[in-house]
$ cat query_11.pdb   # PDB, C-alpha atoms, pLDDT in the B column
ATOM      1  CA  MET A1123      76.857  60.123 146.233  1.00 66.00           C
ATOM      2  CA  LYS A1124      79.382  59.051 143.651  1.00 86.00           C
ATOM      3  CA  ARG A1125      81.653  56.040 143.339  1.00 96.00           C
ATOM      4  CA  ILE A1126      85.104  57.541 143.513  1.00 98.00           C
ATOM      5  CA  GLY A1127      88.253  55.682 142.560  1.00 98.00           C
ATOM      6  CA  ILE A1128      91.507  56.757 144.136  1.00 98.00           C
ATOM      7  CA  ALA A1129      95.115  55.765 143.484  1.00 98.00           C
ATOM      8  CA  ALA A1130      98.573  56.903 144.542  1.00 98.00           C
ATOM      9  CA  ASP A1131     102.186  55.876 144.572  1.00 98.00           C
ATOM     10  CA  HIS A1132     104.548  56.425 147.509  1.00 98.00           C
ATOM     11  CA  ALA A1133     104.830  60.161 146.839  1.00 98.00           C
ATOM     12  CA  GLY A1134     101.060  60.587 147.013  1.00 98.00           C
ATOM     13  CA  PHE A1135     100.325  57.933 149.623  1.00 98.00           C
ATOM     14  CA  GLU A1136      99.886  60.233 152.621  1.00 98.00           C
ATOM     15  CA  LEU A1137      97.566  62.575 150.714  1.00 98.00           C
ATOM     16  CA  LYS A1138      95.608  59.622 149.305  1.00 98.00           C
ATOM     17  CA  GLU A1139      94.972  58.250 152.771  1.00 98.00           C
ATOM     18  CA  TYR A1140      93.752  61.654 153.956  1.00 98.00           C
ATOM     19  CA  VAL A1141      91.481  62.094 150.915  1.00 98.00           C
ATOM     20  CA  ARG A1142      90.138  58.530 151.166  1.00 98.00           C
ATOM     21  CA  LYS A1143      89.165  59.125 154.811  1.00 98.00           C
ATOM     22  CA  MET A1144      87.485  62.435 153.954  1.00 98.00           C
ATOM     23  CA  LEU A1145      85.547  60.916 151.048  1.00 98.00           C
ATOM     24  CA  ILE A1146      84.235  58.112 153.245  1.00 97.00           C
ATOM     25  CA  GLU A1147      83.273  60.586 155.970  1.00 97.00           C
ATOM     26  CA  THR A1148      81.265  62.604 153.428  1.00 96.00           C
ATOM     27  CA  GLY A1149      79.347  59.526 152.282  1.00 95.00           C
ATOM     28  CA  HIS A1150      81.095  58.627 149.028  1.00 96.00           C
ATOM     29  CA  GLU A1151      81.740  55.062 147.990  1.00 97.00           C
ATOM     30  CA  VAL A1152      85.519  54.818 147.617  1.00 98.00           C
ATOM     31  CA  ILE A1153      87.346  52.236 145.538  1.00 98.00           C
ATOM     32  CA  ASP A1154      91.031  52.272 146.467  1.00 98.00           C
ATOM     33  CA  PHE A1155      93.329  51.141 143.658  1.00 98.00           C
ATOM     34  CA  GLY A1156      96.381  51.335 145.873  1.00 96.00           C
ATOM     35  CA  ASN A1157      98.952  51.379 146.932  1.00 96.00           C
ATOM     36  CA  ALA A1158      97.626  49.889 150.176  1.00 96.00           C
ATOM     37  CA  THR A1159     100.878  50.473 152.043  1.00 96.00           C
ATOM     38  CA  LEU A1160     103.670  52.993 151.763  1.00 96.00           C
ATOM     39  CA  ASN A1161     106.289  51.457 149.462  1.00 97.00           C
ATOM     40  CA  PRO A1162     109.090  53.798 148.348  1.00 96.00           C
ATOM     41  CA  ALA A1163     109.885  51.495 145.407  1.00 96.00           C
ATOM     42  CA  ASP A1164     106.419  51.486 143.814  1.00 97.00           C
ATOM     43  CA  ASP A1165     105.509  53.004 140.440  1.00 97.00           C
ATOM     44  CA  TYR A1166     102.475  55.245 139.814  1.00 97.00           C
ATOM     45  CA  PRO A1167     101.359  53.471 136.577  1.00 98.00           C
ATOM     46  CA  ASP A1168     100.698  50.304 138.589  1.00 98.00           C
ATOM     47  CA  TYR A1169      97.863  52.101 140.423  1.00 98.00           C
ATOM     48  CA  VAL A1170      96.822  54.910 138.102  1.00 98.00           C
ATOM     49  CA  ILE A1171      96.234  52.754 135.012  1.00 98.00           C
ATOM     50  CA  PRO A1172      93.806  50.344 136.756  1.00 98.00           C
ATOM     51  CA  LEU A1173      91.963  53.398 138.110  1.00 98.00           C
ATOM     52  CA  ALA A1174      91.786  54.915 134.630  1.00 98.00           C
ATOM     53  CA  GLN A1175      90.513  51.633 133.192  1.00 98.00           C
ATOM     54  CA  ALA A1176      87.795  51.526 135.859  1.00 98.00           C
ATOM     55  CA  ILE A1177      86.689  55.025 134.864  1.00 98.00           C
ATOM     56  CA  ALA A1178      86.670  54.106 131.179  1.00 97.00           C
ATOM     57  CA  ASN A1179      84.643  50.959 131.934  1.00 97.00           C
ATOM     58  CA  GLY A1180      82.119  52.811 134.116  1.00 96.00           C
ATOM     59  CA  LYS A1181      83.111  51.027 137.341  1.00 97.00           C
ATOM     60  CA  THR A1182      83.781  54.385 138.985  1.00 97.00           C
ATOM     61  CA  ASP A1183      82.125  57.722 138.357  1.00 96.00           C
ATOM     62  CA  ARG A1184      85.223  59.846 138.862  1.00 98.00           C
ATOM     63  CA  GLY A1185      88.847  59.313 139.774  1.00 98.00           C
ATOM     64  CA  ILE A1186      91.534  60.912 141.896  1.00 98.00           C
ATOM     65  CA  ALA A1187      95.164  60.084 141.114  1.00 98.00           C
ATOM     66  CA  ILE A1188      98.080  61.311 143.183  1.00 98.00           C
ATOM     67  CA  CYS A1189     101.798  61.046 142.575  1.00 98.00           C
ATOM     68  CA  GLY A1190     104.663  63.354 143.536  1.00 98.00           C
ATOM     69  CA  SER A1191     103.876  66.167 141.111  1.00 98.00           C
ATOM     70  CA  GLY A1192     100.669  64.827 139.556  1.00 98.00           C
ATOM     71  CA  VAL A1193     102.275  65.003 136.122  1.00 98.00           C
ATOM     72  CA  GLY A1194     103.099  61.303 135.760  1.00 98.00           C
ATOM     73  CA  ALA A1195      99.641  60.280 136.944  1.00 98.00           C
ATOM     74  CA  SER A1196      98.068  62.607 134.366  1.00 98.00           C
ATOM     75  CA  ILE A1197     100.222  61.316 131.533  1.00 98.00           C
ATOM     76  CA  ALA A1198      99.530  57.667 132.390  1.00 98.00           C
ATOM     77  CA  ALA A1199      95.775  58.149 132.847  1.00 98.00           C
ATOM     78  CA  ASN A1200      95.341  59.934 129.539  1.00 97.00           C
ATOM     79  CA  LYS A1201      96.720  56.906 127.683  1.00 95.00           C
ATOM     80  CA  VAL A1202      93.452  55.096 128.507  1.00 96.00           C
ATOM     81  CA  ILE A1203      90.741  55.823 125.948  1.00 95.00           C
ATOM     82  CA  GLY A1204      87.772  57.570 127.514  1.00 95.00           C
ATOM     83  CA  VAL A1205      89.713  59.117 130.366  1.00 97.00           C
ATOM     84  CA  ARG A1206      90.030  62.869 130.560  1.00 97.00           C
ATOM     85  CA  ALA A1207      92.551  63.474 133.332  1.00 98.00           C
ATOM     86  CA  CYS A1208      94.163  66.746 134.236  1.00 98.00           C
ATOM     87  CA  LEU A1209      96.729  68.012 136.687  1.00 98.00           C
ATOM     88  CA  ILE A1210      94.897  70.473 138.922  1.00 98.00           C
ATOM     89  CA  HIS A1211      96.455  72.712 141.551  1.00 97.00           C
ATOM     90  CA  GLU A1212      93.986  75.622 141.562  1.00 98.00           C
ATOM     91  CA  LYS A1213      90.223  76.111 141.911  1.00 98.00           C
ATOM     92  CA  PHE A1214      89.248  77.558 138.528  1.00 98.00           C
ATOM     93  CA  SER A1215      90.475  74.553 136.547  1.00 98.00           C
ATOM     94  CA  ALA A1216      88.948  72.064 139.012  1.00 98.00           C
ATOM     95  CA  LYS A1217      85.519  73.408 138.037  1.00 98.00           C
ATOM     96  CA  GLN A1218      86.092  74.466 134.438  1.00 98.00           C
ATOM     97  CA  GLY A1219      87.783  71.168 133.543  1.00 98.00           C
ATOM     98  CA  VAL A1220      84.565  69.317 134.313  1.00 98.00           C
ATOM     99  CA  GLU A1221      82.105  71.919 133.001  1.00 98.00           C
ATOM    100  CA  ASP A1222      83.815  72.477 129.646  1.00 97.00           C
ATOM    101  CA  ASP A1223      85.945  69.388 129.056  1.00 97.00           C
ATOM    102  CA  ASP A1224      84.062  66.663 130.960  1.00 98.00           C
ATOM    103  CA  MET A1225      87.174  65.861 133.022  1.00 98.00           C
ATOM    104  CA  ASN A1226      86.613  62.577 134.831  1.00 98.00           C
ATOM    105  CA  MET A1227      89.910  62.274 136.714  1.00 98.00           C
ATOM    106  CA  ILE A1228      91.706  64.856 138.793  1.00 98.00           C
ATOM    107  CA  CYS A1229      95.450  64.445 139.257  1.00 98.00           C
ATOM    108  CA  LEU A1230      97.210  66.019 142.207  1.00 98.00           C
ATOM    109  CA  GLY A1231     100.786  66.347 143.347  1.00 98.00           C
ATOM    110  CA  GLY A1232     101.292  64.899 146.799  1.00 98.00           C
ATOM    111  CA  ARG A1233     104.511  66.889 147.095  1.00 98.00           C
ATOM    112  CA  VAL A1234     102.928  70.065 145.702  1.00 97.00           C
ATOM    113  CA  VAL A1235      99.425  70.531 147.166  1.00 98.00           C
ATOM    114  CA  GLU A1236      98.752  70.622 150.882  1.00 98.00           C
ATOM    115  CA  HIS A1237      95.868  68.618 152.317  1.00 98.00           C
ATOM    116  CA  THR A1238      93.357  71.440 152.804  1.00 98.00           C
ATOM    117  CA  LEU A1239      93.719  72.749 149.254  1.00 98.00           C
ATOM    118  CA  ALA A1240      93.652  69.216 147.820  1.00 98.00           C
ATOM    119  CA  TRP A1241      90.376  68.529 149.609  1.00 98.00           C
ATOM    120  CA  GLU A1242      88.899  71.825 148.396  1.00 98.00           C
ATOM    121  CA  LEU A1243      89.904  71.041 144.793  1.00 98.00           C
ATOM    122  CA  ILE A1244      88.400  67.568 145.039  1.00 98.00           C
ATOM    123  CA  MET A1245      85.118  68.910 146.404  1.00 98.00           C
ATOM    124  CA  ILE A1246      84.928  71.410 143.525  1.00 98.00           C
ATOM    125  CA  PHE A1247      85.757  68.645 141.020  1.00 98.00           C
ATOM    126  CA  LEU A1248      83.103  66.299 142.416  1.00 98.00           C
ATOM    127  CA  ALA A1249      80.404  68.986 142.615  1.00 97.00           C
ATOM    128  CA  SER A1250      80.932  70.180 139.049  1.00 98.00           C
ATOM    129  CA  LYS A1251      78.903  68.911 136.097  1.00 97.00           C
ATOM    130  CA  PHE A1252      79.577  68.882 132.377  1.00 97.00           C
ATOM    131  CA  SER A1253      77.651  71.736 130.757  1.00 96.00           C
ATOM    132  CA  GLY A1254      76.732  69.837 127.599  1.00 94.00           C
ATOM    133  CA  ALA A1255      77.060  73.077 125.633  1.00 94.00           C
ATOM    134  CA  GLU A1256      77.202  72.476 121.886  1.00 97.00           C
ATOM    135  CA  ARG A1257      80.724  73.862 121.524  1.00 95.00           C
ATOM    136  CA  HIS A1258      82.035  71.604 124.290  1.00 96.00           C
ATOM    137  CA  VAL A1259      80.306  68.537 122.859  1.00 95.00           C
ATOM    138  CA  ARG A1260      81.774  69.369 119.443  1.00 95.00           C
ATOM    139  CA  ARG A1261      85.275  69.678 120.865  1.00 94.00           C
ATOM    140  CA  LEU A1262      85.004  66.438 122.824  1.00 94.00           C
ATOM    141  CA  ALA A1263      83.829  64.665 119.671  1.00 92.00           C
ATOM    142  CA  LYS A1264      87.070  65.749 117.990  1.00 92.00           C
ATOM    143  CA  VAL A1265      89.074  64.320 120.875  1.00 90.00           C
ATOM    144  CA  ALA A1266      87.086  61.067 120.733  1.00 89.00           C
ATOM    145  CA  ALA A1267      87.735  60.831 116.990  1.00 89.00           C
ATOM    146  CA  LEU A1268      91.446  61.103 117.674  1.00 86.00           C
ATOM    147  CA  GLU A1269      91.206  58.345 120.291  1.00 85.00           C
ATOM    148  CA  ASN A1270      89.388  56.110 117.801  1.00 83.00           C
ATOM    149  CA  ASN A1271      92.299  56.515 115.365  1.00 78.00           C
ATOM    150  CA  LYS A1272      95.075  56.057 117.957  1.00 65.00           C
ATOM    151  CA  THR A1273      96.595  53.076 116.186  1.00 54.00           C
ATOM    152  CA  GLN A1274      97.170  55.067 113.010  1.00 53.00           C
ATOM    153  CA  LYS A1275     100.471  56.855 112.497  1.00 52.00           C
ATOM    154  CA  PRO A1276     100.358  60.550 111.483  1.00 49.00           C
TER     155      PRO A1276
END
$ encode --input "query_11.pdb" --output "structure tokens"
Amino acid sequence: MKRIGIAADHAGFELKEYVRKMLIETGHEVIDFGNATLNPADDYPDYVIPLAQAIANGKTDRGIAICGSGVGASIAANKVIGVRACLIHEKFSAKQGVEDDDMNMICLGGRVVEHTLAWELIMIFLASKFSGAERHVRRLAKVAALENNKTQKP
């Protein structure tokens, strides 16, 4: 089983709690980056960025970030070097994002995806493996090169 990090703001809190429970029931080790309580005044970066840093540092194998639409969580997570986060609301991309692009964080919209579909997408995401195909490795190397030069202006 994998170590799964999970994070959500107020808009994703209910879905996060459901997903956390389901992950534990299926035997995964879950690291909850918050929020621990429903707080309508919280901000998704306060939870998503520590989750992304844990992924980048190898403290979690994969991550699940949830905000209202999933967009903000995706934007914030992708600012952390080594994180490949994507907003996912359908099955094809949940699998293909890992197989082709080595996605290590799935972002979901708590106000967009209902619980059953969210769980199905997460199970697909967690079961998928990076293909390691030469073309995908080549493309990821180009992305990594860009990350290594992030401090340079175009």
$ residues_around --input "query_11.pdb" --residues "range 1172-1181 of chain A" --least-positions-apart "3" --cutoff "12 Å" --atoms "all atoms listed in the file" --output "PyMOL selection string"
chain A and resi 1124-1130+1151-1157+1166-1169+1184-1188+1195-1207+1225-1229
$ residues_around --input "query_11.pdb" --residues "range 1240-1247 of chain A" --least-positions-apart "5" --cutoff "10 Å" --atoms "only C-alpha atoms" --output "ChimeraX atom specification"
/A:1137-1138,1140-1141,1144-1145,1184-1186,1210-1221,1225-1232,1234-1235
$ atom_distance --input "query_11.pdb" --atom1 "CA of Leu1262 in chain A" --atom2 "CA of Asp1223 in chain A"
7.0 Å
$ atom_distance --input "query_11.pdb" --atom1 "CA of Gly1190 in chain A" --atom2 "CA of Ala1163 in chain A"
13.1 Å
$ atom_distance --input "query_11.pdb" --atom1 "CA of Ala1158 in chain A" --atom2 "CA of Thr1182 in chain A"
18.4 Å
$ closest_residue --input "query_11.pdb" --among "A:Glu1269, A:Glu1256, A:Asp1222, A:Asp1131" --to "Pro1162 in chain A" --atoms "all atoms listed in the file"
A:Asp1131
$ resolve_selection --input "query_11.pdb" --expression "the PyMOL selection byres ((chain A and resi 1160) around 6)" --output "compact mmCIF listing (two decimals) with C-alpha atoms, in the coordinates of the input"
# COMPACT_ATOMS: atom_id res chain seq x y z
CA HIS A 1132 104.55 56.42 147.51
CA THR A 1159 100.88 50.47 152.04
CA ASN A 1161 106.29 51.46 149.46
$ closest_residue --input "query_11.pdb" --among "A:His1258, A:His1237, A:Asp1183, A:Ile1171" --to "Glu1139 in chain A" --atoms "all atoms listed in the file"
A:His1237
$ closest_residue --input "query_11.pdb" --among "A:Ala1266, A:Cys1189, A:Ala1249, A:Val1170" --to "Ala1133 in chain A" --atoms "all atoms listed in the file"
A:Cys1189
$ build_atoms --input "query_11.pdb" --residues "range 1174-1206 of chain A" --atoms "N, CA and C atoms" --output "PDB file, in the frame of the given file"
ATOM      1  N   ALA A1174      92.244  54.352 135.901  1.00 98.00           N
ATOM      2  CA  ALA A1174      91.786  54.915 134.630  1.00 98.00           C
ATOM      3  C   ALA A1174      90.924  53.916 133.867  1.00 98.00           C
ATOM      4  N   GLN A1175      91.314  52.660 133.869  1.00 98.00           N
ATOM      5  CA  GLN A1175      90.513  51.633 133.192  1.00 98.00           C
ATOM      6  C   GLN A1175      89.144  51.481 133.844  1.00 98.00           C
ATOM      7  N   ALA A1176      89.080  51.603 135.158  1.00 98.00           N
ATOM      8  CA  ALA A1176      87.795  51.526 135.859  1.00 98.00           C
ATOM      9  C   ALA A1176      86.897  52.698 135.488  1.00 98.00           C
ATOM     10  N   ILE A1177      87.468  53.874 135.300  1.00 98.00           N
ATOM     11  CA  ILE A1177      86.689  55.025 134.864  1.00 98.00           C
ATOM     12  C   ILE A1177      86.168  54.785 133.449  1.00 98.00           C
ATOM     13  N   ALA A1178      87.052  54.350 132.571  1.00 97.00           N
ATOM     14  CA  ALA A1178      86.670  54.106 131.179  1.00 97.00           C
ATOM     15  C   ALA A1178      85.595  53.032 131.060  1.00 97.00           C
ATOM     16  N   ASN A1179      85.615  52.059 131.959  1.00 97.00           N
ATOM     17  CA  ASN A1179      84.643  50.959 131.934  1.00 97.00           C
ATOM     18  C   ASN A1179      83.390  51.250 132.745  1.00 97.00           C
ATOM     19  N   GLY A1180      83.298  52.434 133.349  1.00 96.00           N
ATOM     20  CA  GLY A1180      82.119  52.811 134.116  1.00 96.00           C
ATOM     21  C   GLY A1180      82.032  52.191 135.497  1.00 96.00           C
ATOM     22  N   LYS A1181      83.130  51.632 136.000  1.00 97.00           N
ATOM     23  CA  LYS A1181      83.111  51.027 137.341  1.00 97.00           C
ATOM     24  C   LYS A1181      83.262  52.068 138.442  1.00 97.00           C
ATOM     25  N   THR A1182      83.759  53.247 138.068  1.00 97.00           N
ATOM     26  CA  THR A1182      83.781  54.385 138.985  1.00 97.00           C
ATOM     27  C   THR A1182      83.245  55.597 138.234  1.00 97.00           C
ATOM     28  N   ASP A1183      82.672  56.517 138.971  1.00 96.00           N
ATOM     29  CA  ASP A1183      82.125  57.722 138.357  1.00 96.00           C
ATOM     30  C   ASP A1183      83.213  58.750 138.070  1.00 96.00           C
ATOM     31  N   ARG A1184      84.129  58.892 138.995  1.00 98.00           N
ATOM     32  CA  ARG A1184      85.223  59.846 138.862  1.00 98.00           C
ATOM     33  C   ARG A1184      86.454  59.233 139.524  1.00 98.00           C
ATOM     34  N   GLY A1185      87.615  59.820 139.206  1.00 98.00           N
ATOM     35  CA  GLY A1185      88.847  59.313 139.774  1.00 98.00           C
ATOM     36  C   GLY A1185      89.735  60.415 140.311  1.00 98.00           C
ATOM     37  N   ILE A1186      90.541  60.021 141.301  1.00 98.00           N
ATOM     38  CA  ILE A1186      91.534  60.912 141.896  1.00 98.00           C
ATOM     39  C   ILE A1186      92.852  60.156 141.880  1.00 98.00           C
ATOM     40  N   ALA A1187      93.847  60.707 141.191  1.00 98.00           N
ATOM     41  CA  ALA A1187      95.164  60.084 141.114  1.00 98.00           C
ATOM     42  C   ALA A1187      96.199  61.037 141.695  1.00 98.00           C
ATOM     43  N   ILE A1188      97.094  60.477 142.506  1.00 98.00           N
ATOM     44  CA  ILE A1188      98.080  61.311 143.183  1.00 98.00           C
ATOM     45  C   ILE A1188      99.457  60.665 143.046  1.00 98.00           C
ATOM     46  N   CYS A1189     100.391  61.447 142.555  1.00 98.00           N
ATOM     47  CA  CYS A1189     101.798  61.046 142.575  1.00 98.00           C
ATOM     48  C   CYS A1189     102.577  62.246 143.109  1.00 98.00           C
ATOM     49  N   GLY A1190     103.875  62.266 142.963  1.00 98.00           N
ATOM     50  CA  GLY A1190     104.663  63.354 143.536  1.00 98.00           C
ATOM     51  C   GLY A1190     104.262  64.722 143.029  1.00 98.00           C
ATOM     52  N   SER A1191     104.248  64.883 141.705  1.00 98.00           N
ATOM     53  CA  SER A1191     103.876  66.167 141.111  1.00 98.00           C
ATOM     54  C   SER A1191     102.470  66.153 140.529  1.00 98.00           C
ATOM     55  N   GLY A1192     101.936  64.979 140.260  1.00 98.00           N
ATOM     56  CA  GLY A1192     100.669  64.827 139.556  1.00 98.00           C
ATOM     57  C   GLY A1192     100.849  64.695 138.057  1.00 98.00           C
ATOM     58  N   VAL A1193     102.015  65.038 137.558  1.00 98.00           N
ATOM     59  CA  VAL A1193     102.275  65.003 136.122  1.00 98.00           C
ATOM     60  C   VAL A1193     102.279  63.567 135.591  1.00 98.00           C
ATOM     61  N   GLY A1194     103.028  62.691 136.224  1.00 98.00           N
ATOM     62  CA  GLY A1194     103.099  61.303 135.760  1.00 98.00           C
ATOM     63  C   GLY A1194     101.745  60.628 135.780  1.00 98.00           C
ATOM     64  N   ALA A1195     100.980  60.864 136.844  1.00 98.00           N
ATOM     65  CA  ALA A1195      99.641  60.280 136.944  1.00 98.00           C
ATOM     66  C   ALA A1195      98.770  60.763 135.793  1.00 98.00           C
ATOM     67  N   SER A1196      98.853  62.036 135.460  1.00 98.00           N
ATOM     68  CA  SER A1196      98.068  62.607 134.366  1.00 98.00           C
ATOM     69  C   SER A1196      98.466  62.001 133.031  1.00 98.00           C
ATOM     70  N   ILE A1197      99.746  61.894 132.787  1.00 98.00           N
ATOM     71  CA  ILE A1197     100.222  61.316 131.533  1.00 98.00           C
ATOM     72  C   ILE A1197      99.744  59.872 131.397  1.00 98.00           C
ATOM     73  N   ALA A1198      99.926  59.076 132.441  1.00 98.00           N
ATOM     74  CA  ALA A1198      99.530  57.667 132.390  1.00 98.00           C
ATOM     75  C   ALA A1198      98.023  57.521 132.180  1.00 98.00           C
ATOM     76  N   ALA A1199      97.233  58.267 132.929  1.00 98.00           N
ATOM     77  CA  ALA A1199      95.775  58.149 132.847  1.00 98.00           C
ATOM     78  C   ALA A1199      95.248  58.490 131.467  1.00 98.00           C
ATOM     79  N   ASN A1200      95.825  59.499 130.846  1.00 97.00           N
ATOM     80  CA  ASN A1200      95.341  59.934 129.539  1.00 97.00           C
ATOM     81  C   ASN A1200      95.692  58.980 128.409  1.00 97.00           C
ATOM     82  N   LYS A1201      96.448  57.942 128.685  1.00 95.00           N
ATOM     83  CA  LYS A1201      96.720  56.906 127.683  1.00 95.00           C
ATOM     84  C   LYS A1201      95.538  55.942 127.554  1.00 95.00           C
ATOM     85  N   VAL A1202      94.625  55.976 128.516  1.00 96.00           N
ATOM     86  CA  VAL A1202      93.452  55.096 128.507  1.00 96.00           C
ATOM     87  C   VAL A1202      92.318  55.819 127.800  1.00 96.00           C
ATOM     88  N   ILE A1203      91.816  55.215 126.736  1.00 95.00           N
ATOM     89  CA  ILE A1203      90.741  55.823 125.948  1.00 95.00           C
ATOM     90  C   ILE A1203      89.504  56.025 126.822  1.00 95.00           C
ATOM     91  N   GLY A1204      88.959  57.231 126.744  1.00 95.00           N
ATOM     92  CA  GLY A1204      87.772  57.570 127.514  1.00 95.00           C
ATOM     93  C   GLY A1204      88.067  58.300 128.804  1.00 95.00           C
ATOM     94  N   VAL A1205      89.335  58.400 129.149  1.00 97.00           N
ATOM     95  CA  VAL A1205      89.713  59.117 130.366  1.00 97.00           C
ATOM     96  C   VAL A1205      90.164  60.519 129.981  1.00 97.00           C
ATOM     97  N   ARG A1206      89.665  61.470 130.736  1.00 97.00           N
ATOM     98  CA  ARG A1206      90.030  62.869 130.560  1.00 97.00           C
ATOM     99  C   ARG A1206      90.574  63.354 131.906  1.00 97.00           C
TER     100      ARG A1206
END
